[in-house]
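Structure file model-v2.cif with mmCIF, C-alpha atoms:
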```
data_start
loop_
_atom_site.group_PDB
_atom_site.id
_atom_site.type_symbol
_atom_site.label_atom_id
_atom_site.label_comp_id
_atom_site.auth_asym_id
_atom_site.auth_seq_id
_atom_site.Cartn_x
_atom_site.Cartn_y
_atom_site.Cartn_z
ATOM 1 C CA MET A 1 -0.899 -24.176 -0.426
ATOM 2 C CA THR A 2 -1.827 -21.062 -2.406
ATOM 3 C CA THR A 3 -5.537 -20.372 -2.744
ATOM 4 C CA TRP A 4 -6.832 -17.900 -5.302
ATOM 5 C CA HIS A 5 -10.224 -16.326 -4.631
ATOM 6 C CA ALA A 6 -12.937 -14.539 -6.615
ATOM 7 C CA LEU A 7 -12.024 -11.135 -8.025
ATOM 8 C CA PRO A 8 -13.557 -8.025 -6.466
ATOM 9 C CA TYR A 9 -16.067 -6.043 -8.505
ATOM 10 C CA GLY A 10 -14.157 -4.095 -11.122
ATOM 11 C CA VAL A 11 -14.692 -1.830 -14.097
ATOM 12 C CA SER A 12 -16.370 -4.586 -16.115
ATOM 13 C CA SER A 13 -19.177 -5.011 -13.562
ATOM 14 C CA LEU A 14 -19.651 -1.465 -12.253
ATOM 15 C CA GLY A 15 -22.059 1.198 -13.440
ATOM 16 C CA ARG A 16 -20.842 4.573 -12.208
ATOM 17 C CA SER A 17 -24.067 6.295 -13.234
ATOM 18 C CA GLN A 18 -26.016 3.867 -11.025
ATOM 19 C CA ALA A 19 -24.349 5.021 -7.798
ATOM 20 C CA VAL A 20 -26.844 7.778 -7.110
ATOM 21 C CA GLU A 21 -28.846 8.967 -4.160
ATOM 22 C CA LEU A 22 -32.502 8.147 -4.821
ATOM 23 C CA ASP A 23 -33.787 10.366 -2.042
ATOM 24 C CA GLY A 24 -32.447 11.650 1.242
ATOM 25 C CA GLU A 25 -32.151 8.174 2.792
ATOM 26 C CA ARG A 26 -31.807 5.647 -0.095
ATOM 27 C CA VAL A 27 -29.012 4.901 -2.575
ATOM 28 C CA ARG A 28 -28.865 2.561 -5.547
ATOM 29 C CA CYS A 29 -26.430 -0.325 -5.938
ATOM 30 C CA CYS A 30 -23.521 0.463 -8.276
ATOM 31 C CA ILE A 31 -23.366 -2.987 -9.906
ATOM 32 C CA ARG A 32 -24.450 -2.631 -13.511
ATOM 33 C CA GLY A 33 -28.065 -3.759 -13.970
ATOM 34 C CA CYS A 34 -28.823 -4.142 -10.254
ATOM 35 C CA ASP A 35 -32.122 -2.547 -9.218
ATOM 36 C CA GLN A 36 -31.607 -2.889 -5.451
ATOM 37 C CA SER A 37 -31.683 0.190 -3.237
ATOM 38 C CA MET A 38 -30.224 0.415 0.283
ATOM 39 C CA ALA A 39 -30.343 2.712 3.275
ATOM 40 C CA LYS A 40 -27.833 5.537 3.030
ATOM 41 C CA ALA A 41 -24.928 4.998 5.419
ATOM 42 C CA HIS A 42 -24.189 7.644 8.030
ATOM 43 C CA ARG A 43 -21.546 7.786 10.730
ATOM 44 C CA GLY A 44 -22.427 5.065 13.205
ATOM 45 C CA THR A 45 -24.598 3.108 10.737
ATOM 46 C CA ARG A 46 -21.967 1.970 8.238
ATOM 47 C CA ARG A 47 -22.038 -1.640 9.460
ATOM 48 C CA ASP A 48 -25.855 -1.761 9.473
ATOM 49 C CA VAL A 49 -27.060 -4.608 7.254
ATOM 50 C CA ALA A 50 -29.719 -2.279 5.807
ATOM 51 C CA CYS A 51 -26.931 -0.245 4.152
ATOM 52 C CA PHE A 52 -25.710 -3.213 2.084
ATOM 53 C CA CYS A 53 -27.113 -4.552 -1.169
ATOM 54 C CA PRO A 54 -28.631 -7.942 -0.271
ATOM 55 C CA GLU A 55 -27.461 -9.391 -3.598
ATOM 56 C CA HIS A 56 -23.916 -7.991 -3.917
ATOM 57 C CA HIS A 57 -23.045 -7.356 -0.236
ATOM 58 C CA ILE A 58 -21.699 -3.838 -0.751
ATOM 59 C CA ARG A 59 -22.718 -0.427 0.488
ATOM 60 C CA VAL A 60 -22.439 2.536 -1.851
ATOM 61 C CA SER A 61 -21.267 6.071 -1.237
ATOM 62 C CA PRO A 62 -22.746 8.199 -4.042
ATOM 63 C CA SER A 63 -20.792 11.347 -3.177
ATOM 64 C CA ARG A 64 -17.386 9.998 -4.290
ATOM 65 C CA PRO A 65 -18.711 7.529 -5.662
ATOM 66 C CA THR A 66 -17.306 4.243 -4.347
ATOM 67 C CA TYR A 67 -18.330 0.977 -2.699
ATOM 68 C CA VAL A 68 -17.374 -0.971 0.429
ATOM 69 C CA TYR A 69 -17.741 -4.728 1.008
ATOM 70 C CA ASP A 70 -19.336 -6.176 4.137
ATOM 71 C CA THR A 71 -16.192 -8.298 4.765
ATOM 72 C CA ARG A 72 -12.512 -7.579 4.189
ATOM 73 C CA GLU A 73 -11.852 -11.042 2.698
ATOM 74 C CA ARG A 74 -14.092 -10.288 -0.279
ATOM 75 C CA ASN A 75 -11.572 -7.626 -1.369
ATOM 76 C CA LEU A 76 -8.588 -10.019 -1.186
ATOM 77 C CA ILE A 77 -7.842 -12.376 -4.072
ATOM 78 C CA VAL A 78 -5.231 -14.687 -2.568
ATOM 79 C CA ASP A 79 -4.628 -16.690 0.631
ATOM 80 C CA HIS A 80 -7.257 -15.495 3.083
ATOM 81 C CA HIS A 81 -5.943 -18.059 5.575
ATOM 82 C CA VAL A 82 -2.521 -16.376 5.621
ATOM 83 C CA PHE A 83 -3.950 -12.880 5.966
ATOM 84 C CA ARG A 84 -5.791 -13.891 9.144
ATOM 85 C CA SER A 85 -2.417 -14.230 10.926
ATOM 86 C CA VAL A 86 -1.254 -10.733 9.882
ATOM 87 C CA ALA A 87 -0.912 -7.949 12.471
ATOM 88 C CA LYS A 88 -2.222 -4.829 10.741
ATOM 89 C CA VAL A 89 -3.132 -1.319 11.908
ATOM 90 C CA GLU A 90 -6.312 0.118 10.342
ATOM 91 C CA SER A 91 -7.407 -3.227 8.892
ATOM 92 C CA TRP A 92 -10.963 -1.833 8.942
ATOM 93 C CA ARG A 93 -10.136 -0.029 5.656
ATOM 94 C CA LEU A 94 -9.547 -3.285 3.769
ATOM 95 C CA PRO A 95 -13.150 -3.740 2.505
ATOM 96 C CA ASN A 96 -12.965 -0.383 0.649
ATOM 97 C CA GLU A 97 -12.779 -0.342 -3.143
ATOM 98 C CA THR A 98 -9.992 2.270 -2.786
ATOM 99 C CA SER A 99 -7.989 0.420 -0.109
ATOM 100 C CA GLU A 100 -4.265 0.606 -0.868
ATOM 101 C CA ASP A 101 -3.689 -2.166 1.680
ATOM 102 C CA ALA A 102 -5.994 -4.575 -0.161
ATOM 103 C CA LEU A 103 -4.228 -3.668 -3.408
ATOM 104 C CA THR A 104 -0.850 -4.207 -1.731
ATOM 105 C CA TRP A 105 -1.824 -7.647 -0.431
ATOM 106 C CA ASN A 106 -3.279 -8.765 -3.733
ATOM 107 C CA VAL A 107 -0.325 -7.634 -5.828
ATOM 108 C CA PHE A 108 2.631 -8.581 -3.648
ATOM 109 C CA VAL A 109 1.302 -11.803 -2.153
ATOM 110 C CA GLY A 110 0.095 -12.685 -5.656
ATOM 111 C CA LEU A 111 3.545 -12.025 -7.116
ATOM 112 C CA SER A 112 5.150 -13.987 -4.275
ATOM 113 C CA ARG A 113 2.953 -17.011 -4.939
ATOM 114 C CA LEU A 114 3.862 -16.816 -8.616
ATOM 115 C CA GLY A 115 7.598 -16.668 -7.810
ATOM 116 C CA ARG A 116 7.840 -13.226 -9.411
ATOM 117 C CA LEU A 117 9.207 -11.034 -6.602
ATOM 118 C CA ARG A 118 12.650 -10.898 -8.245
ATOM 119 C CA GLN A 119 10.987 -9.534 -11.381
ATOM 120 C CA ALA A 120 9.032 -7.051 -9.252
ATOM 121 C CA VAL A 121 12.279 -5.737 -7.757
ATOM 122 C CA TRP A 122 13.720 -5.422 -11.259
ATOM 123 C CA ALA A 123 10.620 -3.526 -12.442
ATOM 124 C CA MET A 124 10.791 -1.101 -9.518
ATOM 125 C CA VAL A 125 14.506 -0.426 -9.058
ATOM 126 C CA GLY A 126 16.365 -2.014 -11.992
ATOM 127 C CA ILE A 127 18.188 -4.592 -9.861
ATOM 128 C CA LEU A 128 17.632 -8.338 -10.197
ATOM 129 C CA PRO A 129 18.407 -10.125 -6.905
ATOM 130 C CA HIS A 130 20.189 -13.453 -7.090
ATOM 131 C CA ALA A 131 17.315 -15.203 -5.288
ATOM 132 C CA GLU A 132 13.647 -14.580 -4.554
ATOM 133 C CA PRO A 133 13.559 -11.940 -1.776
ATOM 134 C CA THR A 134 11.747 -12.272 1.548
ATOM 135 C CA LEU A 135 8.435 -10.406 1.582
ATOM 136 C CA TYR A 136 7.317 -8.294 4.538
ATOM 137 C CA LEU A 137 3.959 -6.488 4.549
ATOM 138 C CA TRP A 138 3.287 -3.964 7.357
ATOM 139 C CA GLY A 139 6.098 -5.568 9.341
ATOM 140 C CA ASN A 140 4.844 -9.144 8.876
ATOM 141 C CA GLU A 141 7.001 -11.762 7.175
ATOM 142 C CA ILE A 142 4.650 -13.452 4.721
ATOM 143 C CA GLY A 143 5.242 -17.187 4.666
ATOM 144 C CA PRO A 144 3.555 -19.838 2.535
ATOM 145 C CA GLU A 145 0.980 -20.765 5.208
ATOM 146 C CA SER A 146 1.141 -18.013 7.849
ATOM 147 C CA ALA A 147 2.631 -14.653 8.754
ATOM 148 C CA ARG A 148 4.776 -13.621 11.720
ATOM 149 C CA PHE A 149 5.817 -10.204 12.939
ATOM 150 C CA TRP A 150 9.385 -9.144 12.149
ATOM 151 C CA PRO A 151 11.343 -9.104 15.446
ATOM 152 C CA LYS A 152 13.961 -6.666 14.131
ATOM 153 C CA LEU A 153 11.283 -4.124 13.175
ATOM 154 C CA LYS A 154 9.745 -4.474 16.640
ATOM 155 C CA SER A 155 13.109 -3.619 18.226
ATOM 156 C CA VAL A 156 13.671 -0.597 15.983
ATOM 157 C CA ARG A 157 10.174 0.734 16.666
ATOM 158 C CA GLU A 158 10.646 0.374 20.416
ATOM 159 C CA MET A 159 13.889 2.343 20.148
ATOM 160 C CA LEU A 160 12.682 5.176 17.887
ATOM 161 C CA GLU A 161 8.971 5.360 18.751
ATOM 162 C CA PRO A 162 8.508 4.118 22.343
ATOM 163 C CA ASP A 163 5.913 6.789 23.114
ATOM 164 C CA LEU A 164 3.861 6.586 19.890
ATOM 165 C CA GLY A 165 0.542 4.750 19.915
ATOM 166 C CA ILE A 166 0.619 4.104 16.157
ATOM 167 C CA LYS A 167 4.123 3.124 15.125
ATOM 168 C CA THR A 168 5.767 2.983 11.714
ATOM 169 C CA GLU A 169 4.809 -0.070 9.658
ATOM 170 C CA PRO A 170 6.525 -0.081 6.245
ATOM 171 C CA ASP A 171 3.955 -1.039 3.624
ATOM 172 C CA ILE A 172 6.268 -3.411 1.764
ATOM 173 C CA VAL A 173 9.826 -4.596 2.324
ATOM 174 C CA LEU A 174 11.590 -6.899 -0.121
ATOM 175 C CA HIS A 175 14.837 -8.188 1.359
ATOM 176 C CA ALA A 176 17.607 -10.081 -0.398
ATOM 177 C CA PRO A 177 20.004 -10.671 2.545
ATOM 178 C CA GLY A 178 23.520 -9.405 2.000
ATOM 179 C CA GLU A 179 22.500 -7.774 -1.260
ATOM 180 C CA LEU A 180 19.496 -5.456 -1.267
ATOM 181 C CA MET A 181 16.607 -4.069 0.747
ATOM 182 C CA VAL A 182 13.699 -2.355 -1.022
ATOM 183 C CA ILE A 183 11.342 -0.405 1.256
ATOM 184 C CA VAL A 184 8.108 0.655 -0.418
ATOM 185 C CA GLU A 185 5.671 3.395 0.552
ATOM 186 C CA ALA A 186 2.547 2.446 -1.406
ATOM 187 C CA LYS A 187 -0.067 4.993 -2.472
ATOM 188 C CA PHE A 188 -3.367 4.393 -4.234
ATOM 189 C CA GLY A 189 -4.791 7.802 -5.058
ATOM 190 C CA SER A 190 -3.669 9.531 -1.851
ATOM 191 C CA PRO A 191 -0.753 12.011 -1.658
ATOM 192 C CA ASN A 192 2.504 11.585 0.226
ATOM 193 C CA SER A 193 2.305 12.895 3.775
ATOM 194 C CA THR A 194 4.288 16.032 4.645
ATOM 195 C CA LEU A 195 5.496 17.060 8.097
ATOM 196 C CA ASP A 196 3.175 20.079 8.307
ATOM 197 C CA LYS A 197 0.290 17.610 8.783
ATOM 198 C CA LYS A 198 1.873 16.293 12.023
ATOM 199 C CA ASN A 199 0.428 18.745 14.551
ATOM 200 C CA GLY A 200 3.160 21.318 14.284
ATOM 201 C CA VAL A 201 6.139 19.012 14.906
ATOM 202 C CA PRO A 202 9.300 21.060 14.141
ATOM 203 C CA VAL A 203 11.649 19.573 11.576
ATOM 204 C CA ALA A 204 14.520 19.465 14.088
ATOM 205 C CA HIS A 205 12.426 17.487 16.609
ATOM 206 C CA PHE A 206 11.312 15.070 13.913
ATOM 207 C CA LEU A 207 14.925 14.482 12.868
ATOM 208 C CA ASP A 208 16.029 14.015 16.472
ATOM 209 C CA ARG A 209 13.473 11.231 16.916
ATOM 210 C CA TYR A 210 14.475 9.463 13.702
ATOM 211 C CA HIS A 211 18.166 9.264 14.405
ATOM 212 C CA THR A 212 20.521 6.605 13.082
ATOM 213 C CA GLY A 213 22.938 6.179 15.979
ATOM 214 C CA GLN A 214 26.006 4.316 14.797
ATOM 215 C CA VAL A 215 24.491 3.027 11.550
ATOM 216 C CA ASP A 216 24.736 4.757 8.171
ATOM 217 C CA ASP A 217 22.677 7.948 7.964
ATOM 218 C CA PRO A 218 20.749 8.216 4.671
ATOM 219 C CA LEU A 219 19.503 11.777 5.273
ATOM 220 C CA ASP A 220 20.880 15.160 4.312
ATOM 221 C CA ARG A 221 19.950 16.565 7.704
ATOM 222 C CA GLY A 222 21.599 19.924 7.119
ATOM 223 C CA TRP A 223 19.332 20.549 4.150
ATOM 224 C CA LEU A 224 16.232 19.105 5.805
ATOM 225 C CA VAL A 225 16.469 21.223 8.953
ATOM 226 C CA SER A 226 16.544 24.369 6.789
ATOM 227 C CA GLN A 227 13.253 23.448 5.076
ATOM 228 C CA PRO A 228 9.685 24.327 6.107
ATOM 229 C CA PRO A 229 7.652 21.309 7.311
ATOM 230 C CA ILE A 230 5.530 21.326 4.137
ATOM 231 C CA VAL A 231 8.625 20.325 2.121
ATOM 232 C CA VAL A 232 9.580 17.345 4.298
ATOM 233 C CA LEU A 233 8.037 14.084 3.024
ATOM 234 C CA GLU A 234 7.801 12.535 6.454
ATOM 235 C CA GLN A 235 6.637 9.009 5.523
ATOM 236 C CA LEU A 236 9.401 8.527 2.958
ATOM 237 C CA THR A 237 11.914 10.021 5.397
ATOM 238 C CA ARG A 238 10.884 7.507 8.057
ATOM 239 C CA MET A 239 11.228 4.688 5.512
ATOM 240 C CA ALA A 240 14.809 5.744 4.783
ATOM 241 C CA VAL A 241 15.733 5.856 8.485
ATOM 242 C CA PHE A 242 14.083 2.507 9.177
ATOM 243 C CA GLY A 243 15.970 1.109 6.199
ATOM 244 C CA SER A 244 19.246 2.156 7.793
ATOM 245 C CA TRP A 245 18.393 0.216 10.956
ATOM 246 C CA LEU A 246 16.801 -2.842 9.314
ATOM 247 C CA SER A 247 19.454 -3.449 6.660
ATOM 248 C CA THR A 248 22.990 -4.674 7.216
ATOM 249 C CA LYS A 249 26.143 -2.884 6.190
ATOM 250 C CA GLY A 250 26.922 -3.556 2.543
ATOM 251 C CA GLU A 251 23.308 -3.958 1.467
ATOM 252 C CA GLN A 252 21.965 -1.373 -0.931
ATOM 253 C CA VAL A 253 18.768 0.259 0.334
ATOM 254 C CA VAL A 254 16.225 1.670 -2.109
ATOM 255 C CA VAL A 255 13.224 3.648 -0.878
ATOM 256 C CA VAL A 256 10.413 3.286 -3.414
ATOM 257 C CA ASN A 257 7.290 5.410 -3.745
ATOM 258 C CA LEU A 258 4.739 3.213 -5.534
ATOM 259 C CA VAL A 259 1.911 5.237 -7.093
ATOM 260 C CA ARG A 260 -0.423 5.120 -10.066
ATOM 261 C CA LYS A 261 1.038 6.109 -13.417
ATOM 262 C CA ASN A 262 -1.223 9.145 -13.793
ATOM 263 C CA ASP A 263 -0.273 10.376 -10.319
ATOM 264 C CA LEU A 264 3.405 9.878 -11.122
ATOM 265 C CA ILE A 265 3.033 12.002 -14.258
ATOM 266 C CA LYS A 266 0.964 14.752 -12.633
ATOM 267 C CA SER A 267 2.840 15.043 -9.355
ATOM 268 C CA PRO A 268 6.167 13.176 -9.298
ATOM 269 C CA PRO A 269 7.517 12.813 -5.743
ATOM 270 C CA VAL A 270 10.528 14.999 -4.973
ATOM 271 C CA PHE A 271 12.486 13.008 -2.418
ATOM 272 C CA ASP A 272 16.030 12.643 -3.772
ATOM 273 C CA ARG A 273 17.091 15.891 -2.095
ATOM 274 C CA HIS A 274 16.207 14.417 1.320
ATOM 275 C CA LEU A 275 19.016 11.869 0.911
ATOM 276 C CA LEU A 276 22.768 12.244 0.984
ATOM 277 C CA ARG A 277 24.246 12.135 -2.485
ATOM 278 C CA GLU A 278 26.846 9.524 -1.541
ATOM 279 C CA GLY A 279 26.218 6.203 0.164
ATOM 280 C CA ARG A 280 24.189 3.034 -0.146
ATOM 281 C CA PHE A 281 20.734 4.665 -0.104
ATOM 282 C CA ARG A 282 18.724 5.871 -3.055
ATOM 283 C CA PHE A 283 15.163 6.718 -4.032
ATOM 284 C CA GLN A 284 12.986 5.477 -6.885
ATOM 285 C CA ALA A 285 9.445 6.423 -7.916
ATOM 286 C CA CYS A 286 7.510 3.622 -9.598
ATOM 287 C CA ALA A 287 4.024 3.014 -11.043
ATOM 288 C CA TRP A 288 1.763 0.141 -10.070
ATOM 289 C CA GLU A 289 1.303 -0.463 -13.789
ATOM 290 C CA GLN A 290 4.940 -1.601 -14.025
ATOM 291 C CA LEU A 291 4.099 -4.626 -11.846
ATOM 292 C CA ILE A 292 1.342 -6.128 -13.999
ATOM 293 C CA PRO A 293 2.512 -9.669 -14.798
ATOM 294 C CA PRO A 294 1.969 -11.358 -18.143
ATOM 295 C CA ALA A 295 -0.955 -13.759 -18.298
ATOM 296 C CA ASP A 296 0.746 -17.086 -18.971
ATOM 297 C CA GLY A 297 -1.074 -19.547 -16.737
ATOM 298 C CA ALA A 298 -4.184 -20.034 -14.605
ATOM 299 C CA SER A 299 -2.781 -18.348 -11.470
ATOM 300 C CA ASP A 300 -0.966 -15.638 -13.420
ATOM 301 C CA ASP A 301 -4.209 -14.868 -15.174
ATOM 302 C CA THR A 302 -6.010 -14.199 -11.871
ATOM 303 C CA LEU A 303 -3.612 -11.426 -10.865
ATOM 304 C CA HIS A 304 -3.383 -10.148 -14.425
ATOM 305 C CA ARG A 305 -7.178 -9.876 -14.727
ATOM 306 C CA TYR A 306 -7.456 -8.273 -11.298
ATOM 307 C CA LEU A 307 -5.107 -5.434 -12.203
ATOM 308 C CA LEU A 308 -6.624 -4.898 -15.644
ATOM 309 C CA ASP A 309 -10.153 -4.688 -14.184
ATOM 310 C CA LYS A 310 -9.271 -2.843 -10.941
ATOM 311 C CA SER A 311 -11.410 0.194 -10.238
ATOM 312 C CA TYR A 312 -10.943 3.361 -8.226
ATOM 313 C CA ALA A 313 -14.033 5.464 -7.517
ATOM 314 C CA LEU A 314 -15.852 3.156 -9.960
ATOM 315 C CA LYS A 315 -13.511 4.127 -12.835
ATOM 316 C CA PRO A 316 -10.441 2.344 -14.233
ATOM 317 C CA ALA A 317 -7.716 2.506 -11.584
ATOM 318 C CA PHE A 318 -4.753 2.205 -13.923
ATOM 319 C CA GLN A 319 -3.539 3.636 -17.201
ATOM 320 C CA LEU A 320 -2.886 0.558 -19.287
ATOM 321 C CA THR A 321 -1.885 2.092 -22.616
#
```
Could you express the structure from this file as structure tokens?
Amino acid sequence: MTTWHALPYGVSSLGRSQAVELDGERVRCCIRGCDQSMAKAHRGTRRDVACFCPEHHIRVSPSRPTYVYDTRERNLIVDHHVFRSVAKVESWRLPNETSEDALTWNVFVGLSRLGRLRQAVWAMVGILPHAEPTLYLWGNEIGPESARFWPKLKSVREMLEPDLGIKTEPDIVLHAPGELMVIVEAKFGSPNSTLDKKNGVPVAHFLDRYHTGQVDDPLDRGWLVSQPPIVVLEQLTRMAVFGSWLSTKGEQVVVVNLVRKNDLIKSPPVFDRHLLREGRFRFQACAWEQLIPPADGASDDTLHRYLLDKSYALKPAFQLT
């Protein structure tokens, strides 16, 4: 059974001017009207109870500024009981106001519970699947009461990345079997990763690792190998290769880069050239704002209000006009 939870602190409850350092070791709570001060968090003390507002259970970083909850569940608005069965790398980031993983869970599990994943696919890629697609987050199939890791992804990772400690976990996969697979690289204020950030890995070595064997190859490898590493969008490239292995022949595969509208306007991702011009693979950039559902019921209104009030660095996260 779907359970909706309290909304995180958003624009309506935050006072950006309050998030200030009072002296070298004290900071003020960023909730509007709160007069509590807390110990300033340093590396190694970030979980110290003295760093959290005793009333609002957040610690504040005045330099950005931003806030962090004392528990990850407080940043999630739907189905805590299901999230507890999810296998997730870097789950320690989930309590952060700026966590793209918390945003991803709230939006896509929320849309799933509302039966609106078909509409989400339409909003992102302009295709309306015949039935509600299966939702995978970070390689976990999200069921109504629990999550389980995707066996096919496990096999592909063991083949392509047997020696990597942290393996590829697609943020979001929406799969309509026999019809369509949408693989989403979600960003919430951070840029797309380029290959030059990967400790000097040559483009040719990167492409050799992410091969496609006997399945369809989505990549224009001749073009890619001629490019400097700073041009190669390595996360999106990995998503395309994983899509070739995870999908079945005949399914269209769309790699989606999901970003904020302002980021899409200022710095649109240039990924089409990475892909072959012919074939069943394509790329689409999309804004989070395109996924905001109408408020037409009690549950719908929870997700709707969450996205309208969502903050990033204590300011409105999304451009809503």
Two-atom distance - atom CA of Val173 of chain A, atom CA of Phe188 of chain A (Å): 17.3 Å
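Separating atom CA of Arg277 of chain A from atom CA of Val231 of chain A is a distance of 18.2 Å.
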Shell around Pro95 of chain A at 9 Å using only C-alpha atoms, local window under 2 positions removed, as a list in words: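 Skipping anything fewer than 2 positions along the chain leaves Tyr67, Val68, Tyr69, Asp70, Thr71, Arg72, Glu73, Arg74, Asn75, Leu76, Ser91, Trp92, Arg93, Glu97, Thr98, Ser99 and Ala102 of chain A.
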Proximity to Ala317 of chain A - best of A:Asn262, A:Gln18, A:Thr302, A:Gln290, only C-alpha atoms: A:Asn262
Explicit residues for the PyMOL selection byres ((chain A and resi 240) around 10) (as a PyMOL selection string): chain A and resi 183-184+210+217-219+234-239+241-246+253-256+274-275+281-283
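Using all atoms listed in the file, the smallest distance between any of A:Glu132, A:Glu289, A:Glu25, A:Asp220 and Leu264 of chain A comes from A:Glu289.
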Long-range neighbours of Trp288 of chain A as a list in words, 10 Å cut-off, all atoms listed in the file, 5 positions minimum in chain: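 In the requested format, the answer is Leu103, Thr104, Val107, Ala123, Met124, Ala186, Lys187, Phe188, Asn257, Leu258, Val259, Arg260, Lys261, Leu264, Leu307, Ala317, Phe318 and Gln319 of chain A.
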Would you mind exporting the chosen residues as a compact mmCIF listing (two decimals), keeping the file's coordinate frame, restricted to C-alpha atoms?
```txt
# COMPACT_ATOMS: atom_id res chain seq x y z
CA LEU A 103 -4.23 -3.67 -3.41
CA THR A 104 -0.85 -4.21 -1.73
CA VAL A 107 -0.32 -7.63 -5.83
CA ALA A 123 10.62 -3.53 -12.44
CA MET A 124 10.79 -1.10 -9.52
CA ALA A 186 2.55 2.45 -1.41
CA LYS A 187 -0.07 4.99 -2.47
CA PHE A 188 -3.37 4.39 -4.23
CA ASN A 257 7.29 5.41 -3.74
CA LEU A 258 4.74 3.21 -5.53
CA VAL A 259 1.91 5.24 -7.09
CA ARG A 260 -0.42 5.12 -10.07
CA LYS A 261 1.04 6.11 -13.42
CA LEU A 264 3.40 9.88 -11.12
CA LEU A 307 -5.11 -5.43 -12.20
CA ALA A 317 -7.72 2.51 -11.58
CA PHE A 318 -4.75 2.20 -13.92
CA GLN A 319 -3.54 3.64 -17.20
```
Evaluate the PyMOL selection byres ((chain A and resi 47-54) around 9) and report residues as a PyMOL selection string: chain A and resi 26-29+36-41+44-46+55-60+68-70
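Of the residues under consideration (A:Ala19, A:Val86, A:Ala6, A:Ile77), A:Ala19 shows the shortest atom-to-atom contact distance to Arg32 of chain A when counting all atoms listed in the file.
Of the residues listed (A:Leu128, A:Val232, A:Val156, A:Leu174), A:Val232 shows the shortest atom-to-atom separation from Asp196 of chain A; distances use all atoms listed in the file.
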